[in-house]
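Undergrad: Pasting a structure here, questions to come.
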Amino acid sequence: MEEAITLASTGRRWHTAAGRPDPLGASVVPGGVNFAVTSRTARRVSLVLTRPSDGAVVAELPFRPEHRVGAVHTMTVLGLRPEECHYGYRVEPGPPPEFAAASPVILDPYARELAGSGPWGARPAYRSVIPAGPAFDWGDDRHPDHSAEDLVIYEAHVRGFTRHPSSGVARPGTYAGLAEKVPYLRRLGVTALELLPVFEFDETDNTYASPDTGEPLPNYWGYNTVAFFAPKAGYAADQRPGGPSRELKSLVRACHAAGIAVLLDVVFNHTAEGDHRGPVLSLRALDEAGYYLLDADGRHRNLTATGNTVNANHPAARAFILDCLRHWATEYRVDGFRFDMASILARGEDGALLAEPPLLRAIAEDPVLARCTLIAEASDATGTEQVGSFPHFGRWGEWNMRYRDAVRRFLLARPGGVAEFATRLVGSPDLYPGRGAAPSVNYVTCHDGFTLADLTAYDHRHNEANGEGGRDGVPDELSWNHGHEGPTADPTVRRRRARQARNALLLLLASQGVPMLLAGDEFGRTQHGNNNAYSQDNATGWLDWSLLDGEDGAALHRFVRRCLAFRRAHPVLRRLPHPDGRDRADWPFPQVSWHGEEPYRPDWSPGSTLLAVLLHQGATGAPDRDTVFLAANVDDRPRIVRPPEPPPGTRWHVFADTAATLGRDAYPPGHERVLPAGPLTLAGRSTTLLVAHPVH
């Protein structure tokens, strides 16, 4: 039944009718616009229509009780054109009251676009936008559908990737600017681009100020979501209605055309609403207990160190998260997700960890998400760490933080480092028994911590610019400055740092599992010792592309590109099953064998400083035979290593030697130099990778 409402303030007569409960949010229907919003606890919900030009309220239309479908409040506003109005909701709580009066005008949690949120740096005045306009033209877009053995992830910040003047793009700091760099990523050899948060967030939401200028610092990284279905408008060059959505979709399409998958870093562990002191943006007004963990007194449980914690396994929050993931997988065609502080998603309504969290199972088994890569940061702010024990339901992979720590300890020659890293090198079978190496996302650095260049140049964090007295960030990064803190012209220190960076990269790309690179590490990007640059929207947080023009940056980039090509050319480095040491008929070697200065004599003692491993697959003479030998010396002194004899009919060739001069530190695959007869000399703090090629 249609109802007419005349507003005295405008004289306009609004006609409304019963709406549909699905889809949630605002959607154009024949004759008008349908609105649907879920609230189990509200006594009354009203639709607030606002003027697009200034946000002034033009109508407040109550949802009629008889049009409510279960917990979904529905309404169709007849004759409403999408461009006429923006909108929001006002909620009057039911008993027990969460607020003394009706809420402010809140955002639609299912809003697919927000007005008043861009350009970057502007103080937001958020309003939900009614989606309209033609469908995006995806053309012949196809998902890359890389299998796990072919994934090489590259983690990047949308704005920081091209905001520096040296980026050379036409629209720096935007989705479009990043799209201009897709050919660079393809030439580098990565196969997946993992983007730091792109859901709408408020970059002005930071309580700290610059100690130098007194100016407020930004929330640059964006781990504080305001709207889960809307793209970050400040990352778009096109600020017209629908512009951010089109621009982000164009970026995804460009990546797919280059064979690069797109993964999104998503934050479902907390929101920008904070606790009782924070802003009421949407979920707190609609169903605070359904979306947030509260204690017996109704206070927010803060397991994320942000003020609130999402009640992820409550039916209301669970449905919302699943709808959000499906939206990005279908509307934006993204290929997967990395879940920030994913241990929160494994907690029940009492905050305790669950053995079989319903949300994680639902995500793993959802048919719409069946092709998506799922990666958990298996920890949270309570100190919980679930690496290797995160509930995976056969689908979930993990950021392998134990790999990160093991490779760093090994490179520092810490006691027990050789044995520990050997396990990580072959895909962490102790963590993922029966699952192979696919769940292990291996990395040395990520956005959270030192860059690789800084890992070799600083013993201590230098975070004073963050306005927290230098106390934020991880205090011990297992880093080493090689004798001088920070930049230096000393050629010996610089040479040692360059060698150590190459050691880390070569070991990473020779390890079983899915490797992940931090953007800019391939050419020596620095954050000047800041290991928590979440508030640094400046040269500290941006990639300085001019480093590629220097001899050091160009040489490191060439080294990484060749290592990626070598990994791509050698299945033995990419195999997913964990290798074993069993002898096989017609195979000259087992899948993995461990060595020392002499063949088959590894040193597993706590004080060992030499790791030597032979990785093999295939029968003698078979076309798919693949054999490599990796030796890493973390002692300051040179070591003499005698590799095992190569398979019959082959000779050892040197692919990489991190102690060699620039240009000879790695060779193009298929053009490796022959290893001279005799033993192999490993310089101090160096790594060598050999490959067996047929004798011609």
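Convention: chains lettered A, B, ... in structure tokens order; per-chain residue numbering from 1; ligands numbered from 1 as shown.
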Find the residues of range 285-370 of chain A that sit at most 10 Å from range 374-397 of chain A; for each, write down the nearest two atoms and how far apart they are in Å, to one decimal. Count only C-alpha atoms. Sort by chain, then by number going up, and give it as CSV.

TA:
residue,atom,partner,partner_atom,distance
A:Asn302,CA,A:Ala381,CA,8.9
A:Leu303,CA,A:Thr382,CA,5.8
A:Thr304,CA,A:Ala381,CA,4.8
A:Ala305,CA,A:Ala381,CA,6.1
A:Thr306,CA,A:Ala381,CA,9.2
A:Asp335,CA,A:Leu374,CA,9.2
A:Gly336,CA,A:Leu374,CA,5.8
A:Phe337,CA,A:Leu374,CA,5.3
A:Arg338,CA,A:Ile375,CA,4.6
A:Phe339,CA,A:Ala376,CA,5.0
A:Asp340,CA,A:Glu377,CA,5.5
A:Met341,CA,A:Asp380,CA,4.7
A:Ala342,CA,A:Glu377,CA,5.3
A:Ser343,CA,A:Ser379,CA,5.0
A:Ile344,CA,A:Asp380,CA,6.4
A:Leu345,CA,A:Ala378,CA,9.6
A:Ala346,CA,A:Pro391,CA,7.7
A:Leu353,CA,A:Thr384,CA,9.5
A:Leu354,CA,A:Pro391,CA,8.7
A:Ala355,CA,A:Pro391,CA,6.9
A:Glu356,CA,A:Pro391,CA,6.5
A:Pro357,CA,A:Pro391,CA,7.5
A:Leu360,CA,A:Pro391,CA,7.3
A:Arg361,CA,A:Phe393,CA,6.2
A:Ala362,CA,A:Phe393,CA,9.4
A:Ile363,CA,A:Leu374,CA,8.8
A:Ala364,CA,A:Arg395,CA,5.7
A:Glu365,CA,A:Phe393,CA,8.2
A:Leu369,CA,A:Leu374,CA,9.1
A:Ala370,CA,A:Arg395,CA,9.0

Undergrad: Mind checking DSSP for range 366-614 of chain A and telling me the strand (DSSP E) residues as a ChimeraX atom specification?

TA: /A:373-376,397-399,440-443,514-518,592-595,610-614

Undergrad: When you look at Gly596 in chain A with a cut-off of 12 Å (counting only C-alpha atoms), what residues show up, excluding the ones that are within fewer than 2 positions of it in the same chain? I need them as JSON, numbers by chain.

TA: {"A": [418, 593, 594, 598, 599, 600, 601, 602, 603, 604, 605, 608, 609, 610, 611, 612, 613, 614, 629, 630, 631, 632, 633, 639, 640, 641, 642, 643, 644, 680, 682]}

Undergrad: DSSP on the backbone: what in range 45-209 of chain A comes out alpha helix (DSSP H), as a ChimeraX atom specification?

TA: /A:158-162,175-180,182-188

Undergrad: Quick one: write out the picked residues with N, CA and C atoms as a PDB file, in the first residue's frame?

TA:
ATOM      1  N   VAL A 158      48.201   2.096  -1.996  1.00  0.00           N
ATOM      2  CA  VAL A 158      47.730   2.734  -3.231  1.00  0.00           C
ATOM      3  C   VAL A 158      48.324   4.125  -3.389  1.00  0.00           C
ATOM      4  N   ARG A 159      48.211   4.946  -2.371  1.00  0.00           N
ATOM      5  CA  ARG A 159      48.697   6.324  -2.485  1.00  0.00           C
ATOM      6  C   ARG A 159      50.225   6.380  -2.488  1.00  0.00           C
ATOM      7  N   GLY A 160      50.834   5.655  -1.560  1.00  0.00           N
ATOM      8  CA  GLY A 160      52.281   5.736  -1.419  1.00  0.00           C
ATOM      9  C   GLY A 160      53.052   5.206  -2.605  1.00  0.00           C
ATOM     10  N   PHE A 161      52.429   4.327  -3.395  1.00  0.00           N
ATOM     11  CA  PHE A 161      53.144   3.713  -4.506  1.00  0.00           C
ATOM     12  C   PHE A 161      53.532   4.727  -5.578  1.00  0.00           C
ATOM     13  N   THR A 162      52.703   5.740  -5.800  1.00  0.00           N
ATOM     14  CA  THR A 162      53.006   6.699  -6.880  1.00  0.00           C
ATOM     15  C   THR A 162      52.942   8.159  -6.443  1.00  0.00           C
ATOM     16  N   TYR A 175      44.355   5.421  -7.679  1.00  0.00           N
ATOM     17  CA  TYR A 175      44.165   4.133  -8.351  1.00  0.00           C
ATOM     18  C   TYR A 175      44.689   4.213  -9.789  1.00  0.00           C
ATOM     19  N   ALA A 176      44.386   5.321 -10.447  1.00  0.00           N
ATOM     20  CA  ALA A 176      44.819   5.481 -11.838  1.00  0.00           C
ATOM     21  C   ALA A 176      46.340   5.535 -11.935  1.00  0.00           C
ATOM     22  N   GLY A 177      46.979   6.198 -10.976  1.00  0.00           N
ATOM     23  CA  GLY A 177      48.439   6.241 -10.972  1.00  0.00           C
ATOM     24  C   GLY A 177      49.041   4.866 -10.789  1.00  0.00           C
ATOM     25  N   LEU A 178      48.442   4.076  -9.915  1.00  0.00           N
ATOM     26  CA  LEU A 178      48.925   2.714  -9.715  1.00  0.00           C
ATOM     27  C   LEU A 178      48.716   1.879 -10.975  1.00  0.00           C
ATOM     28  N   ALA A 179      47.594   2.094 -11.664  1.00  0.00           N
ATOM     29  CA  ALA A 179      47.348   1.362 -12.910  1.00  0.00           C
ATOM     30  C   ALA A 179      48.426   1.658 -13.947  1.00  0.00           C
ATOM     31  N   GLU A 180      48.956   2.883 -13.936  1.00  0.00           N
ATOM     32  CA  GLU A 180      50.030   3.220 -14.869  1.00  0.00           C
ATOM     33  C   GLU A 180      51.302   2.415 -14.597  1.00  0.00           C
ATOM     34  N   VAL A 182      51.301  -0.813 -13.640  1.00  0.00           N
ATOM     35  CA  VAL A 182      51.086  -2.249 -13.810  1.00  0.00           C
ATOM     36  C   VAL A 182      52.124  -2.873 -14.744  1.00  0.00           C
ATOM     37  N   PRO A 183      52.500  -2.234 -15.864  1.00  0.00           N
ATOM     38  CA  PRO A 183      53.562  -2.827 -16.700  1.00  0.00           C
ATOM     39  C   PRO A 183      54.873  -3.038 -15.935  1.00  0.00           C
ATOM     40  N   TYR A 184      55.182  -2.146 -14.999  1.00  0.00           N
ATOM     41  CA  TYR A 184      56.380  -2.327 -14.174  1.00  0.00           C
ATOM     42  C   TYR A 184      56.264  -3.608 -13.352  1.00  0.00           C
ATOM     43  N   LEU A 185      55.099  -3.836 -12.745  1.00  0.00           N
ATOM     44  CA  LEU A 185      54.905  -5.033 -11.920  1.00  0.00           C
ATOM     45  C   LEU A 185      54.997  -6.298 -12.764  1.00  0.00           C
ATOM     46  N   ARG A 186      54.454  -6.231 -13.971  1.00  0.00           N
ATOM     47  CA  ARG A 186      54.515  -7.405 -14.855  1.00  0.00           C
ATOM     48  C   ARG A 186      55.968  -7.715 -15.219  1.00  0.00           C
ATOM     49  N   ARG A 187      56.746  -6.693 -15.556  1.00  0.00           N
ATOM     50  CA  ARG A 187      58.155  -6.919 -15.911  1.00  0.00           C
ATOM     51  C   ARG A 187      58.958  -7.418 -14.716  1.00  0.00           C
ATOM     52  N   LEU A 188      58.607  -6.954 -13.528  1.00  0.00           N
ATOM     53  CA  LEU A 188      59.305  -7.418 -12.330  1.00  0.00           C
ATOM     54  C   LEU A 188      59.102  -8.913 -12.134  1.00  0.00           C
TER      55      LEU A 188
END

Undergrad: Hey, can you check how far CA of Val190 in chain A sits from CA of Glu149 in chain A?

TA: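 CA of Glu149 in chain A lies 12.4 Å from CA of Val190 in chain A.
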
Undergrad: I'd like the contact shell of range 432-437 of chain A - 9 Å cut-off, only C-alpha atoms, skipping same-chain residues fewer than 6 positions apart - returned as an mmCIF file with all heavy atoms, in the first residue's frame.

TA:
data_model
loop_
_atom_site.group_PDB
_atom_site.id
_atom_site.type_symbol
_atom_site.label_atom_id
_atom_site.label_comp_id
_atom_site.auth_asym_id
_atom_site.auth_seq_id
_atom_site.Cartn_x
_atom_site.Cartn_y
_atom_site.Cartn_z
ATOM 1 N N ALA A 148 48.611 -21.821 -6.278
ATOM 2 C CA ALA A 148 49.446 -21.332 -5.176
ATOM 3 C C ALA A 148 50.928 -21.360 -5.525
ATOM 4 O O ALA A 148 51.683 -20.473 -5.119
ATOM 5 C CB ALA A 148 49.178 -22.159 -3.922
ATOM 6 N N GLU A 149 51.373 -22.379 -6.294
ATOM 7 C CA GLU A 149 52.812 -22.461 -6.584
ATOM 8 C C GLU A 149 53.285 -21.330 -7.488
ATOM 9 O O GLU A 149 54.488 -21.058 -7.571
ATOM 10 C CB GLU A 149 53.173 -23.808 -7.205
ATOM 11 C CG GLU A 149 52.550 -24.067 -8.559
ATOM 12 C CD GLU A 149 51.333 -24.954 -8.466
ATOM 13 O OE1 GLU A 149 50.592 -24.843 -7.471
ATOM 14 O OE2 GLU A 149 51.119 -25.755 -9.394
ATOM 15 N N GLY A 388 50.066 -21.608 12.155
ATOM 16 C CA GLY A 388 50.089 -23.059 12.139
ATOM 17 C C GLY A 388 48.905 -23.705 12.817
ATOM 18 O O GLY A 388 48.666 -24.903 12.630
ATOM 19 N N SER A 389 48.141 -22.952 13.610
ATOM 20 C CA SER A 389 46.975 -23.509 14.294
ATOM 21 C C SER A 389 45.697 -22.736 13.992
ATOM 22 O O SER A 389 44.654 -23.013 14.580
ATOM 23 C CB SER A 389 47.215 -23.526 15.813
ATOM 24 O OG SER A 389 47.391 -22.206 16.320
ATOM 25 N N GLY A 394 40.632 -26.143 5.352
ATOM 26 C CA GLY A 394 41.150 -26.538 4.050
ATOM 27 C C GLY A 394 41.364 -25.403 3.073
ATOM 28 O O GLY A 394 41.776 -25.644 1.936
ATOM 29 N N VAL A 426 61.712 -25.303 3.611
ATOM 30 C CA VAL A 426 60.993 -26.367 2.896
ATOM 31 C C VAL A 426 59.499 -26.327 3.169
ATOM 32 O O VAL A 426 58.800 -27.334 3.060
ATOM 33 C CB VAL A 426 61.577 -27.753 3.225
ATOM 34 C CG1 VAL A 426 62.982 -27.880 2.661
ATOM 35 C CG2 VAL A 426 61.565 -28.024 4.725
ATOM 36 N N GLN A 512 60.107 -22.810 -0.237
ATOM 37 C CA GLN A 512 58.801 -23.343 -0.615
ATOM 38 C C GLN A 512 57.708 -22.584 0.122
ATOM 39 O O GLN A 512 57.836 -22.260 1.304
ATOM 40 C CB GLN A 512 58.716 -24.828 -0.285
ATOM 41 C CG GLN A 512 59.463 -25.708 -1.259
ATOM 42 C CD GLN A 512 59.212 -27.184 -0.987
ATOM 43 O OE1 GLN A 512 60.082 -27.875 -0.485
ATOM 44 N NE2 GLN A 512 58.018 -27.649 -1.331
ATOM 45 N N GLY A 513 56.615 -22.347 -0.579
ATOM 46 C CA GLY A 513 55.529 -21.547 -0.054
ATOM 47 C C GLY A 513 55.261 -20.401 -1.005
ATOM 48 O O GLY A 513 55.762 -20.361 -2.137
ATOM 49 N N VAL A 514 54.475 -19.447 -0.557
ATOM 50 C CA VAL A 514 54.116 -18.280 -1.373
ATOM 51 C C VAL A 514 54.948 -17.095 -0.913
ATOM 52 O O VAL A 514 54.783 -16.618 0.216
ATOM 53 C CB VAL A 514 52.620 -17.960 -1.234
ATOM 54 C CG1 VAL A 514 52.268 -16.699 -2.024
ATOM 55 C CG2 VAL A 514 51.768 -19.140 -1.693
ATOM 56 N N ARG A 574 59.033 -24.334 -6.439
ATOM 57 C CA ARG A 574 57.631 -23.932 -6.316
ATOM 58 C C ARG A 574 56.703 -25.085 -5.941
ATOM 59 O O ARG A 574 55.494 -24.878 -5.838
ATOM 60 C CB ARG A 574 57.162 -23.317 -7.641
ATOM 61 C CG ARG A 574 57.876 -22.038 -8.000
ATOM 62 C CD ARG A 574 57.363 -21.435 -9.295
ATOM 63 N NE ARG A 574 57.793 -22.181 -10.468
ATOM 64 C CZ ARG A 574 57.002 -22.901 -11.248
ATOM 65 N NH1 ARG A 574 55.705 -23.016 -10.973
ATOM 66 N NH2 ARG A 574 57.484 -23.548 -12.298
ATOM 67 N N ARG A 575 57.260 -26.281 -5.748
ATOM 68 C CA ARG A 575 56.373 -27.417 -5.491
ATOM 69 C C ARG A 575 55.660 -27.225 -4.150
ATOM 70 O O ARG A 575 56.198 -26.652 -3.202
ATOM 71 C CB ARG A 575 57.168 -28.718 -5.508
ATOM 72 C CG ARG A 575 58.286 -28.822 -4.503
ATOM 73 C CD ARG A 575 59.120 -30.069 -4.729
ATOM 74 N NE ARG A 575 60.317 -30.058 -3.887
ATOM 75 C CZ ARG A 575 61.338 -30.874 -4.057
ATOM 76 N NH1 ARG A 575 61.320 -31.770 -5.038
ATOM 77 N NH2 ARG A 575 62.377 -30.814 -3.253
ATOM 78 N N LEU A 576 54.457 -27.744 -4.106
ATOM 79 C CA LEU A 576 53.624 -27.547 -2.928
ATOM 80 C C LEU A 576 53.778 -28.641 -1.875
ATOM 81 O O LEU A 576 53.793 -28.341 -0.680
ATOM 82 C CB LEU A 576 52.157 -27.407 -3.346
ATOM 83 C CG LEU A 576 51.855 -26.185 -4.225
ATOM 84 C CD1 LEU A 576 50.375 -26.110 -4.534
ATOM 85 C CD2 LEU A 576 52.315 -24.903 -3.541
ATOM 86 N N PRO A 577 53.872 -29.931 -2.241
ATOM 87 C CA PRO A 577 54.049 -30.943 -1.186
ATOM 88 C C PRO A 577 55.371 -30.732 -0.457
ATOM 89 O O PRO A 577 56.379 -30.357 -1.055
ATOM 90 C CB PRO A 577 54.047 -32.266 -1.962
ATOM 91 C CG PRO A 577 53.386 -31.952 -3.266
ATOM 92 C CD PRO A 577 53.745 -30.539 -3.579
ATOM 93 N N HIS A 578 55.352 -30.965 0.836
ATOM 94 C CA HIS A 578 56.603 -30.880 1.576
ATOM 95 C C HIS A 578 57.547 -31.983 1.100
ATOM 96 O O HIS A 578 57.137 -33.140 0.960
ATOM 97 C CB HIS A 578 56.346 -31.037 3.075
ATOM 98 C CG HIS A 578 55.607 -29.887 3.667
ATOM 99 N ND1 HIS A 578 54.475 -30.038 4.446
ATOM 100 C CD2 HIS A 578 55.822 -28.549 3.590
ATOM 101 C CE1 HIS A 578 54.043 -28.852 4.829
ATOM 102 N NE2 HIS A 578 54.839 -27.929 4.327
ATOM 103 N N PRO A 579 58.805 -31.674 0.860
ATOM 104 C CA PRO A 579 59.739 -32.703 0.378
ATOM 105 C C PRO A 579 60.133 -33.657 1.503
ATOM 106 O O PRO A 579 60.071 -33.307 2.682
ATOM 107 C CB PRO A 579 60.937 -31.879 -0.096
ATOM 108 C CG PRO A 579 60.917 -30.662 0.778
ATOM 109 C CD PRO A 579 59.466 -30.358 1.016
#

Undergrad: Between CA of Val152 in chain A and CA of Leu517 in chain A, what is the spacing in Å?

TA: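 So the two atoms, CA of Leu517 in chain A and CA of Val152 in chain A, lie 7.8 Å apart.
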
Undergrad: Just want the 12 Å neighbourhood of range 668-674 of chain A, counted on only C-alpha atoms, with same-chain residues fewer than 2 positions away dropped. Output as a ChimeraX atom specification.

TA: /A:558-570,650-657,663-666,676-678,680,689-696

Undergrad: Extract, using only C-alpha atoms, all DNA, RNA and protein residues at most 6 Å from range 101-118 of chain A, discarding same-chain residues fewer than 3 positions from it, and format them as an MDAnalysis selection string.

TA: chainID A and resid 25 88:92 124:129 229:230 233:234 281:282

Undergrad: Tell me which protein, DNA and RNA residues are within 8 Å of range 219-222 of chain A, counting only C-alpha atoms, leaving out same-chain ones fewer than 2 positions away, and put them as an NGL selection string.

TA: :A and (157 or 196-198 or 201-206 or 217 or 224-225 or 534-537)

Undergrad: Could you produce a table of the residues of range 431-546 of chain A lying within 10 Å of range 402-412 of chain A, with the nearest pair of atoms per residue and their separation in Å rounded to one decimal, using only C-alpha atoms, ordered by chain and increasing residue number, as CSV?

TA:
residue,atom,partner,partner_atom,distance
A:Leu431,CA,A:Arg402,CA,9.4
A:Ser440,CA,A:Tyr403,CA,8.5
A:Val441,CA,A:Tyr403,CA,8.5
A:Asn442,CA,A:Tyr403,CA,6.0
A:Tyr443,CA,A:Arg404,CA,5.5
A:Val444,CA,A:Arg404,CA,4.8
A:Thr445,CA,A:Arg404,CA,7.2
A:Cys446,CA,A:Arg404,CA,9.5
A:Leu455,CA,A:Arg408,CA,9.2
A:Glu477,CA,A:Arg408,CA,8.6
A:Leu478,CA,A:Arg408,CA,6.1
A:Ser479,CA,A:Arg408,CA,7.4
A:Trp480,CA,A:Leu412,CA,7.6
A:Gln500,CA,A:Leu411,CA,7.7
A:Ala501,CA,A:Leu411,CA,9.9
A:Asn503,CA,A:Leu411,CA,7.9
A:Ala504,CA,A:Val407,CA,7.3
A:Leu507,CA,A:Val407,CA,8.0
A:Leu508,CA,A:Val407,CA,8.3
A:Ser511,CA,A:Tyr403,CA,9.9

Undergrad: Taking into account only C-alpha atoms, which residue in the set A:Ile130, A:Val252, A:Gly259, A:Gly242 is nearest to Thr191 in chain A?

TA: A:Gly259

Undergrad: Work out how far apart CA of Val48 in chain A and CA of Glu200 in chain A are and give it in Å to one decimal.

TA: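 Going from CA of Val48 in chain A over to CA of Glu200 in chain A covers 21.0 Å.
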